[in-house]
Amino acid sequence: MILGTAGHVDHGKTALVKALTGVDTDRLEEERRRGLTIELGFAPLALPNGLELGVVDVPGHEKFVPTMLSGCAGMDLVLLAVAADQGPMPQTREHLAILSLLDLRGGVIALTRADLAWKPGVEEQVRALVKGTFLEGAPIIPTSAVTGEGLPELKQALAELAAAHAAPPSEGPFRLHIDRVFSVAGSGTVVTGTLTGGPLRRGDAVTLWPALVRARVRELQCHGRQSEVLEPGCRAAVNLAGVKRVQVNRGDTLAPADSLTLTQRLDVSLTVLPQAPYPVKNNALLHLHHGGRALTARCVLLGRDLLAPGETGFAQLRLDTPLAARAGDRLVVRFFSPVVTVGDGVILDLDPPLRGRMAPARTARLAGLLAGKVPAEPAPAPPSAPSPPPAAEPGLEVALAALYREAGLHPPSNAQAEAAFPGREAACRRAGRALADRGVLAPLSPQYRMWGESCQAAREKLTRAFGSGLFTLAQARDLLGVSRREALLLLEYWDRIKVTQTLGEGRRFL
């Protein structure tokens, strides 16, 4: 199982992990120079009863909450650190709020720096802080990484906690949210993360989402030990064959082909924390965290115009870039500005309609999905209605999306894309429409589509170059390194969706 740390910056999380495991999880020179955890750290923790936990040490500074969130994927238990000489601080509270959204199994509280002068009433403050959370009643153990005080008691408490909670069962296909990527001389690309779902075996064919890059598992390790198969709930290092380091990013997901859905629209059940400083208004801009991935989303509330602190309602999240997910996945959302945690969401529908946000039937169906009373697929048409068209084959969608991703800013025509799948042209047309409907592909014109992330990258590149100033078709063509036809397709598409405005011979971004 995975044990994650949590707590305010400079409350001694990393020093405590080193004292428990012998591993300094601050790997970077900058981290050691500044005495500040910036990236996630990892270590194995052997317990007195023979069990072993994988420890994920997270940053405590408010600037690195997104990194902390990326380390939460797959956590089972938590070690909350509170400095005895300071007591609960802002990130203690925010980390606890985030962890309370993630369906964790339990945890232990360490009062760190117990060798220093204690803040009066600190234990009572900690108990008040965790009251009503999953840590209410958790052991509070004074510790010191300097003197060793409390370390045997802390290990024993963790051993009892781990023994009381069985390892996560194998359920469905494997999934690994990538939190670290690096290259090893002679071996190639290695990714790490917490394995969930089902087992992962050496030789397995895998897909990197959302880029849809295919690869194969060359080697597997767990805390430096080679393995032929890894079970869910372990820290995994996966050596990949067939993929270059530059093709992988932290936040990507390793999973089987066809096991996830790429989308830029999600209907969710959204719960706002009771302590959230503001309500969520319709059309609010939010930060969204899923697994190790951070995105920006426009929140369209369904059936209402405002969601107050402590309330739960339905919403559609319209994402800036494609997300690979499954129905039932959990999300953490934060306000766009000020950047504080809002609450959490559960994904209900990965291919929802754009319109009808106030329709009672829409929210009634989502309520049924949330309760598990209706299937995740759209309801079948009544007998008197015309037969629905054949379904967008998932495998074909993945293959078609990969074709467009590889093409980048030089997309094929729709006819050329269909010709790449002889005998399946009609299914390819349906797959292309489905990918465009979900925002994975940008519909440049009736004859052309483009990989959505390539379109967004082109827009960002031109915005950096020209800001709100005028630019010409020729300037856009040259800067992007595309043909005149490709540049014109992009600019006319942006004109149509009100991203750009034509002024004389030039254009500007709105």
# chains A, B, ... in the order shown; residues from 1 in each chain; ligands from 1

call {"tool": "residues_around", "arguments": {"residues": "Leu295 in chain A", "least_positions_apart": "2", "cutoff": "10 Å", "atoms": "only C-alpha atoms", "output": "PDB file with N, CA, C and O atoms, in the first residue's frame"}}
result
ATOM      1  N   LEU A 286     -12.131  27.138 -13.480  1.00  0.00           N
ATOM      2  CA  LEU A 286     -11.574  26.344 -12.382  1.00  0.00           C
ATOM      3  C   LEU A 286     -10.305  25.626 -12.827  1.00  0.00           C
ATOM      4  O   LEU A 286     -10.110  25.362 -14.010  1.00  0.00           O
ATOM      5  N   HIS A 287      -9.448  25.309 -11.849  1.00  0.00           N
ATOM      6  CA  HIS A 287      -8.370  24.351 -12.053  1.00  0.00           C
ATOM      7  C   HIS A 287      -8.912  22.971 -11.708  1.00  0.00           C
ATOM      8  O   HIS A 287      -9.595  22.797 -10.691  1.00  0.00           O
ATOM      9  N   LEU A 288      -8.578  21.983 -12.532  1.00  0.00           N
ATOM     10  CA  LEU A 288      -9.062  20.626 -12.329  1.00  0.00           C
ATOM     11  C   LEU A 288      -7.862  19.692 -12.228  1.00  0.00           C
ATOM     12  O   LEU A 288      -6.921  19.785 -13.022  1.00  0.00           O
ATOM     13  N   HIS A 289      -7.897  18.780 -11.250  1.00  0.00           N
ATOM     14  CA  HIS A 289      -6.803  17.829 -11.048  1.00  0.00           C
ATOM     15  C   HIS A 289      -7.374  16.411 -11.096  1.00  0.00           C
ATOM     16  O   HIS A 289      -8.297  16.075 -10.353  1.00  0.00           O
ATOM     17  N   HIS A 290      -6.793  15.597 -11.979  1.00  0.00           N
ATOM     18  CA  HIS A 290      -7.238  14.218 -12.170  1.00  0.00           C
ATOM     19  C   HIS A 290      -5.993  13.351 -12.266  1.00  0.00           C
ATOM     20  O   HIS A 290      -5.161  13.550 -13.157  1.00  0.00           O
ATOM     21  N   ARG A 293      -2.645  14.829 -13.514  1.00  0.00           N
ATOM     22  CA  ARG A 293      -2.817  15.845 -14.563  1.00  0.00           C
ATOM     23  C   ARG A 293      -3.546  17.063 -14.020  1.00  0.00           C
ATOM     24  O   ARG A 293      -4.528  16.945 -13.272  1.00  0.00           O
ATOM     25  N   ALA A 297     -10.633  24.331 -16.619  1.00  0.00           N
ATOM     26  CA  ALA A 297     -11.971  23.960 -17.071  1.00  0.00           C
ATOM     27  C   ALA A 297     -12.947  25.101 -16.849  1.00  0.00           C
ATOM     28  O   ALA A 297     -12.858  25.829 -15.859  1.00  0.00           O
ATOM     29  N   LEU A 319     -13.048  21.366 -20.799  1.00  0.00           N
ATOM     30  CA  LEU A 319     -11.620  21.384 -20.536  1.00  0.00           C
ATOM     31  C   LEU A 319     -10.847  22.086 -21.638  1.00  0.00           C
ATOM     32  O   LEU A 319     -11.258  22.088 -22.802  1.00  0.00           O
ATOM     33  N   ASP A 320      -9.682  22.638 -21.262  1.00  0.00           N
ATOM     34  CA  ASP A 320      -8.852  23.312 -22.247  1.00  0.00           C
ATOM     35  C   ASP A 320      -8.061  22.332 -23.106  1.00  0.00           C
ATOM     36  O   ASP A 320      -7.710  22.631 -24.240  1.00  0.00           O
ATOM     37  N   THR A 321      -7.773  21.137 -22.567  1.00  0.00           N
ATOM     38  CA  THR A 321      -7.059  20.105 -23.324  1.00  0.00           C
ATOM     39  C   THR A 321      -7.705  18.753 -23.028  1.00  0.00           C
ATOM     40  O   THR A 321      -8.375  18.586 -22.009  1.00  0.00           O
ATOM     41  N   PRO A 322      -7.518  17.758 -23.899  1.00  0.00           N
ATOM     42  CA  PRO A 322      -8.171  16.468 -23.696  1.00  0.00           C
ATOM     43  C   PRO A 322      -7.712  15.765 -22.428  1.00  0.00           C
ATOM     44  O   PRO A 322      -6.556  15.845 -22.018  1.00  0.00           O
ATOM     45  N   LEU A 323      -8.639  15.063 -21.817  1.00  0.00           N
ATOM     46  CA  LEU A 323      -8.390  14.283 -20.610  1.00  0.00           C
ATOM     47  C   LEU A 323      -8.750  12.830 -20.889  1.00  0.00           C
ATOM     48  O   LEU A 323      -9.772  12.549 -21.530  1.00  0.00           O
ATOM     49  N   VAL A 333     -11.066  20.018  -7.602  1.00  0.00           N
ATOM     50  CA  VAL A 333     -11.159  21.295  -8.321  1.00  0.00           C
ATOM     51  C   VAL A 333     -10.760  22.426  -7.391  1.00  0.00           C
ATOM     52  O   VAL A 333     -11.017  22.384  -6.177  1.00  0.00           O
TER      53      VAL A 333
END

call {"tool": "residues_around", "arguments": {"residues": "range 29-31 of chain A", "least_positions_apart": "6", "cutoff": "12 Å", "atoms": "only C-alpha atoms", "output": "VMD selection string"}}
result
chain A and resid 14 37 to 41 59

call {"tool": "write_last_selection", "arguments": {"atoms": "all heavy atoms", "output": "PDB file, in the first residue's frame"}}
result
ATOM      1  N   THR A  14       9.928  15.664   5.308  1.00  0.00           N
ATOM      2  CA  THR A  14      11.036  14.958   4.653  1.00  0.00           C
ATOM      3  C   THR A  14      12.039  14.433   5.667  1.00  0.00           C
ATOM      4  O   THR A  14      12.553  13.309   5.532  1.00  0.00           O
ATOM      5  CB  THR A  14      11.721  15.897   3.638  1.00  0.00           C
ATOM      6  OG1 THR A  14      10.740  16.353   2.691  1.00  0.00           O
ATOM      7  CG2 THR A  14      12.838  15.180   2.900  1.00  0.00           C
ATOM      8  N   THR A  37      11.193  21.047  -0.063  1.00  0.00           N
ATOM      9  CA  THR A  37      10.778  20.017  -1.009  1.00  0.00           C
ATOM     10  C   THR A  37      10.029  20.661  -2.168  1.00  0.00           C
ATOM     11  O   THR A  37       9.067  21.417  -1.963  1.00  0.00           O
ATOM     12  CB  THR A  37       9.884  18.966  -0.323  1.00  0.00           C
ATOM     13  OG1 THR A  37      10.641  18.339   0.707  1.00  0.00           O
ATOM     14  CG2 THR A  37       9.419  17.918  -1.306  1.00  0.00           C
ATOM     15  N   ILE A  38      10.478  20.357  -3.397  1.00  0.00           N
ATOM     16  CA  ILE A  38       9.878  20.920  -4.600  1.00  0.00           C
ATOM     17  C   ILE A  38       9.179  19.830  -5.414  1.00  0.00           C
ATOM     18  O   ILE A  38       8.075  20.025  -5.918  1.00  0.00           O
ATOM     19  CB  ILE A  38      10.955  21.613  -5.461  1.00  0.00           C
ATOM     20  CG1 ILE A  38      11.568  22.781  -4.680  1.00  0.00           C
ATOM     21  CG2 ILE A  38      10.386  22.094  -6.793  1.00  0.00           C
ATOM     22  CD1 ILE A  38      12.778  23.396  -5.355  1.00  0.00           C
ATOM     23  N   GLU A  39       9.848  18.676  -5.545  1.00  0.00           N
ATOM     24  CA  GLU A  39       9.299  17.560  -6.304  1.00  0.00           C
ATOM     25  C   GLU A  39       8.867  16.444  -5.358  1.00  0.00           C
ATOM     26  O   GLU A  39       9.233  16.418  -4.175  1.00  0.00           O
ATOM     27  CB  GLU A  39      10.349  17.024  -7.289  1.00  0.00           C
ATOM     28  CG  GLU A  39      10.603  17.943  -8.476  1.00  0.00           C
ATOM     29  CD  GLU A  39       9.431  17.963  -9.452  1.00  0.00           C
ATOM     30  OE1 GLU A  39       8.514  17.120  -9.317  1.00  0.00           O
ATOM     31  OE2 GLU A  39       9.437  18.810 -10.358  1.00  0.00           O
ATOM     32  N   LEU A  40       8.113  15.492  -5.902  1.00  0.00           N
ATOM     33  CA  LEU A  40       7.721  14.330  -5.124  1.00  0.00           C
ATOM     34  C   LEU A  40       8.947  13.477  -4.798  1.00  0.00           C
ATOM     35  O   LEU A  40       9.865  13.363  -5.604  1.00  0.00           O
ATOM     36  CB  LEU A  40       6.711  13.485  -5.913  1.00  0.00           C
ATOM     37  CG  LEU A  40       5.404  14.172  -6.314  1.00  0.00           C
ATOM     38  CD1 LEU A  40       4.592  13.243  -7.209  1.00  0.00           C
ATOM     39  CD2 LEU A  40       4.598  14.585  -5.095  1.00  0.00           C
ATOM     40  N   GLY A  41       8.950  12.887  -3.605  1.00  0.00           N
ATOM     41  CA  GLY A  41      10.011  11.973  -3.217  1.00  0.00           C
ATOM     42  C   GLY A  41       9.429  10.617  -2.854  1.00  0.00           C
ATOM     43  O   GLY A  41       8.266  10.515  -2.451  1.00  0.00           O
ATOM     44  N   PRO A  59       5.472  18.036  -1.468  1.00  0.00           N
ATOM     45  CA  PRO A  59       5.844  19.384  -1.020  1.00  0.00           C
ATOM     46  C   PRO A  59       4.768  19.980  -0.120  1.00  0.00           C
ATOM     47  O   PRO A  59       3.579  19.681  -0.259  1.00  0.00           O
ATOM     48  CB  PRO A  59       5.958  20.179  -2.330  1.00  0.00           C
ATOM     49  CG  PRO A  59       5.970  19.171  -3.429  1.00  0.00           C
ATOM     50  CD  PRO A  59       5.244  17.988  -2.918  1.00  0.00           C
TER      51      PRO A  59
END

call {"tool": "residues_around", "arguments": {"residues": "Leu96 in chain A", "least_positions_apart": "6", "cutoff": "9 Å", "atoms": "only C-alpha atoms", "output": "PyMOL selection string"}}
result
chain A and resi 6-7+80+129-130+133+135

call {"tool": "closest_residue", "arguments": {"among": "A:Thr463, A:Thr194, A:Thr147, A:Gln125", "to": "Cys72 in chain A", "atoms": "only C-alpha atoms"}}
result
A:Thr194

call {"tool": "select_by_dssp", "arguments": {"residues": "range 164-276 of chain A", "states": "strand (DSSP E)", "output": "number ranges by chain"}}
result
A: 175-184, 188-196, 200-201, 205-209, 213-222, 225-227, 229-230, 235-241, 253-255, 261-272

call {"tool": "closest_residue", "arguments": {"among": "A:Leu51, A:Leu195, A:Val58, A:Ala284", "to": "Gly233 in chain A", "atoms": "only C-alpha atoms"}}
result
A:Leu195

call {"tool": "closest_residue", "arguments": {"among": "A:Arg464, A:Arg438, A:Arg201, A:Arg430", "to": "Leu354 in chain A", "atoms": "only C-alpha atoms"}}
result
A:Arg438

call {"tool": "select_by_dssp", "arguments": {"residues": "range 323-490 of chain A", "states": "helix (DSSP H, G or I)", "output": "PyMOL selection string"}}
result
chain A and resi 360-371+394-407+414-419+425-437+452-466+473-480+484-490

call {"tool": "closest_residue", "arguments": {"among": "A:Ile2, A:Ile98, A:Val243, A:Ala367", "to": "Ala166 in chain A", "atoms": "only C-alpha atoms"}}
result
A:Ile2

call {"tool": "residues_around", "arguments": {"residues": "Ala399 in chain A", "least_positions_apart": "4", "cutoff": "12 Å", "atoms": "only C-alpha atoms", "output": "ChimeraX atom specification"}}
result
/A:207,211-214,257-258,392-395,403-406,417-418,420-421,427-428,431-432,435

call {"tool": "atom_distance", "arguments": {"atom1": "CA of Phe134 in chain A", "atom2": "CA of Gly106 in chain A"}}
result
6.2 Å

call {"tool": "closest_residue", "arguments": {"among": "A:Pro279, A:Val65, A:Ala73, A:Ala419", "to": "Thr253 in chain A", "atoms": "only C-alpha atoms"}}
result
A:Ala73

call {"tool": "atom_distance", "arguments": {"atom1": "CA of Leu473 in chain A", "atom2": "CA of Pro411 in chain A"}}
result
18.1 Å

call {"tool": "decode", "arguments": {"residues": "range 98-112 of chain A", "atoms": "all heavy atoms", "output": "PDB file, in the first residue's frame"}}
result
ATOM      1  N   ILE A  98      -7.924  18.525   1.001  1.00  0.00           N
ATOM      2  CA  ILE A  98      -7.719  17.774  -0.244  1.00  0.00           C
ATOM      3  C   ILE A  98      -7.785  16.275   0.030  1.00  0.00           C
ATOM      4  O   ILE A  98      -8.474  15.531  -0.673  1.00  0.00           O
ATOM      5  CB  ILE A  98      -6.368  18.158  -0.883  1.00  0.00           C
ATOM      6  CG1 ILE A  98      -6.435  19.587  -1.444  1.00  0.00           C
ATOM      7  CG2 ILE A  98      -5.988  17.167  -1.990  1.00  0.00           C
ATOM      8  CD1 ILE A  98      -5.086  20.144  -1.869  1.00  0.00           C
ATOM      9  N   LEU A  99      -7.084  15.823   1.066  1.00  0.00           N
ATOM     10  CA  LEU A  99      -7.057  14.394   1.369  1.00  0.00           C
ATOM     11  C   LEU A  99      -8.440  13.876   1.750  1.00  0.00           C
ATOM     12  O   LEU A  99      -8.779  12.725   1.473  1.00  0.00           O
ATOM     13  CB  LEU A  99      -6.060  14.126   2.496  1.00  0.00           C
ATOM     14  CG  LEU A  99      -4.590  14.402   2.147  1.00  0.00           C
ATOM     15  CD1 LEU A  99      -3.744  14.375   3.405  1.00  0.00           C
ATOM     16  CD2 LEU A  99      -4.067  13.414   1.128  1.00  0.00           C
ATOM     17  N   SER A 100      -9.248  14.727   2.376  1.00  0.00           N
ATOM     18  CA  SER A 100     -10.599  14.322   2.765  1.00  0.00           C
ATOM     19  C   SER A 100     -11.484  14.074   1.554  1.00  0.00           C
ATOM     20  O   SER A 100     -12.537  13.430   1.671  1.00  0.00           O
ATOM     21  CB  SER A 100     -11.231  15.388   3.666  1.00  0.00           C
ATOM     22  OG  SER A 100     -10.495  15.542   4.867  1.00  0.00           O
ATOM     23  N   LEU A 101     -11.082  14.593   0.384  1.00  0.00           N
ATOM     24  CA  LEU A 101     -11.857  14.409  -0.838  1.00  0.00           C
ATOM     25  C   LEU A 101     -11.496  13.122  -1.575  1.00  0.00           C
ATOM     26  O   LEU A 101     -12.162  12.764  -2.542  1.00  0.00           O
ATOM     27  CB  LEU A 101     -11.624  15.591  -1.789  1.00  0.00           C
ATOM     28  CG  LEU A 101     -11.944  16.990  -1.255  1.00  0.00           C
ATOM     29  CD1 LEU A 101     -11.487  18.046  -2.249  1.00  0.00           C
ATOM     30  CD2 LEU A 101     -13.427  17.126  -0.974  1.00  0.00           C
ATOM     31  N   LEU A 102     -10.431  12.427  -1.139  1.00  0.00           N
ATOM     32  CA  LEU A 102      -9.842  11.376  -1.960  1.00  0.00           C
ATOM     33  C   LEU A 102     -10.151   9.959  -1.488  1.00  0.00           C
ATOM     34  O   LEU A 102      -9.529   9.012  -1.938  1.00  0.00           O
ATOM     35  CB  LEU A 102      -8.320  11.573  -2.035  1.00  0.00           C
ATOM     36  CG  LEU A 102      -7.883  12.880  -2.708  1.00  0.00           C
ATOM     37  CD1 LEU A 102      -6.365  13.009  -2.676  1.00  0.00           C
ATOM     38  CD2 LEU A 102      -8.383  12.932  -4.154  1.00  0.00           C
ATOM     39  N   ASP A 103     -11.079   9.796  -0.574  1.00  0.00           N
ATOM     40  CA  ASP A 103     -11.518   8.465  -0.161  1.00  0.00           C
ATOM     41  C   ASP A 103     -10.358   7.631   0.381  1.00  0.00           C
ATOM     42  O   ASP A 103     -10.216   6.451   0.065  1.00  0.00           O
ATOM     43  CB  ASP A 103     -12.174   7.749  -1.346  1.00  0.00           C
ATOM     44  CG  ASP A 103     -13.006   6.547  -0.903  1.00  0.00           C
ATOM     45  OD1 ASP A 103     -13.483   6.562   0.248  1.00  0.00           O
ATOM     46  OD2 ASP A 103     -13.168   5.604  -1.692  1.00  0.00           O
ATOM     47  N   LEU A 104      -9.523   8.254   1.234  1.00  0.00           N
ATOM     48  CA  LEU A 104      -8.399   7.544   1.836  1.00  0.00           C
ATOM     49  C   LEU A 104      -8.878   6.620   2.949  1.00  0.00           C
ATOM     50  O   LEU A 104      -9.942   6.813   3.535  1.00  0.00           O
ATOM     51  CB  LEU A 104      -7.373   8.537   2.382  1.00  0.00           C
ATOM     52  CG  LEU A 104      -6.659   9.367   1.317  1.00  0.00           C
ATOM     53  CD1 LEU A 104      -5.720  10.373   1.962  1.00  0.00           C
ATOM     54  CD2 LEU A 104      -5.866   8.478   0.378  1.00  0.00           C
ATOM     55  N   ARG A 105      -8.047   5.616   3.278  1.00  0.00           N
ATOM     56  CA  ARG A 105      -8.462   4.581   4.233  1.00  0.00           C
ATOM     57  C   ARG A 105      -8.208   4.977   5.680  1.00  0.00           C
ATOM     58  O   ARG A 105      -8.835   4.448   6.583  1.00  0.00           O
ATOM     59  CB  ARG A 105      -7.710   3.287   3.917  1.00  0.00           C
ATOM     60  CG  ARG A 105      -8.042   2.743   2.532  1.00  0.00           C
ATOM     61  CD  ARG A 105      -7.013   1.724   2.077  1.00  0.00           C
ATOM     62  NE  ARG A 105      -7.399   1.148   0.800  1.00  0.00           N
ATOM     63  CZ  ARG A 105      -7.621  -0.141   0.601  1.00  0.00           C
ATOM     64  NH1 ARG A 105      -7.485  -1.000   1.578  1.00  0.00           N
ATOM     65  NH2 ARG A 105      -7.969  -0.582  -0.591  1.00  0.00           N
ATOM     66  N   GLY A 106      -7.240   5.845   5.940  1.00  0.00           N
ATOM     67  CA  GLY A 106      -6.939   6.234   7.311  1.00  0.00           C
ATOM     68  C   GLY A 106      -5.555   6.826   7.386  1.00  0.00           C
ATOM     69  O   GLY A 106      -4.878   7.025   6.374  1.00  0.00           O
ATOM     70  N   GLY A 107      -5.115   7.121   8.596  1.00  0.00           N
ATOM     71  CA  GLY A 107      -3.798   7.720   8.723  1.00  0.00           C
ATOM     72  C   GLY A 107      -3.369   7.869  10.164  1.00  0.00           C
ATOM     73  O   GLY A 107      -4.081   7.484  11.109  1.00  0.00           O
ATOM     74  N   VAL A 108      -2.166   8.423  10.313  1.00  0.00           N
ATOM     75  CA  VAL A 108      -1.561   8.696  11.602  1.00  0.00           C
ATOM     76  C   VAL A 108      -1.072  10.138  11.584  1.00  0.00           C
ATOM     77  O   VAL A 108      -0.659  10.647  10.538  1.00  0.00           O
ATOM     78  CB  VAL A 108      -0.382   7.734  11.876  1.00  0.00           C
ATOM     79  CG1 VAL A 108       0.337   8.089  13.167  1.00  0.00           C
ATOM     80  CG2 VAL A 108      -0.862   6.288  11.921  1.00  0.00           C
ATOM     81  N   ILE A 109      -1.134  10.804  12.741  1.00  0.00           N
ATOM     82  CA  ILE A 109      -0.674  12.188  12.852  1.00  0.00           C
ATOM     83  C   ILE A 109       0.623  12.203  13.645  1.00  0.00           C
ATOM     84  O   ILE A 109       0.689  11.654  14.751  1.00  0.00           O
ATOM     85  CB  ILE A 109      -1.739  13.059  13.543  1.00  0.00           C
ATOM     86  CG1 ILE A 109      -3.057  13.005  12.759  1.00  0.00           C
ATOM     87  CG2 ILE A 109      -1.242  14.508  13.661  1.00  0.00           C
ATOM     88  CD1 ILE A 109      -4.243  13.510  13.529  1.00  0.00           C
ATOM     89  N   ALA A 110       1.667  12.811  13.071  1.00  0.00           N
ATOM     90  CA  ALA A 110       2.943  12.941  13.753  1.00  0.00           C
ATOM     91  C   ALA A 110       3.121  14.376  14.209  1.00  0.00           C
ATOM     92  O   ALA A 110       3.062  15.301  13.377  1.00  0.00           O
ATOM     93  CB  ALA A 110       4.090  12.537  12.827  1.00  0.00           C
ATOM     94  N   LEU A 111       3.314  14.586  15.498  1.00  0.00           N
ATOM     95  CA  LEU A 111       3.695  15.898  16.021  1.00  0.00           C
ATOM     96  C   LEU A 111       5.216  15.977  15.907  1.00  0.00           C
ATOM     97  O   LEU A 111       5.956  15.406  16.722  1.00  0.00           O
ATOM     98  CB  LEU A 111       3.271  16.063  17.476  1.00  0.00           C
ATOM     99  CG  LEU A 111       1.828  16.484  17.735  1.00  0.00           C
ATOM    100  CD1 LEU A 111       1.607  16.645  19.228  1.00  0.00           C
ATOM    101  CD2 LEU A 111       1.491  17.780  17.020  1.00  0.00           C
ATOM    102  N   THR A 112       5.692  16.620  14.844  1.00  0.00           N
ATOM    103  CA  THR A 112       7.129  16.674  14.570  1.00  0.00           C
ATOM    104  C   THR A 112       7.807  17.760  15.409  1.00  0.00           C
ATOM    105  O   THR A 112       7.146  18.608  16.011  1.00  0.00           O
ATOM    106  CB  THR A 112       7.371  16.952  13.077  1.00  0.00           C
ATOM    107  OG1 THR A 112       6.740  18.196  12.729  1.00  0.00           O
ATOM    108  CG2 THR A 112       6.777  15.847  12.205  1.00  0.00           C
TER     109      THR A 112
END
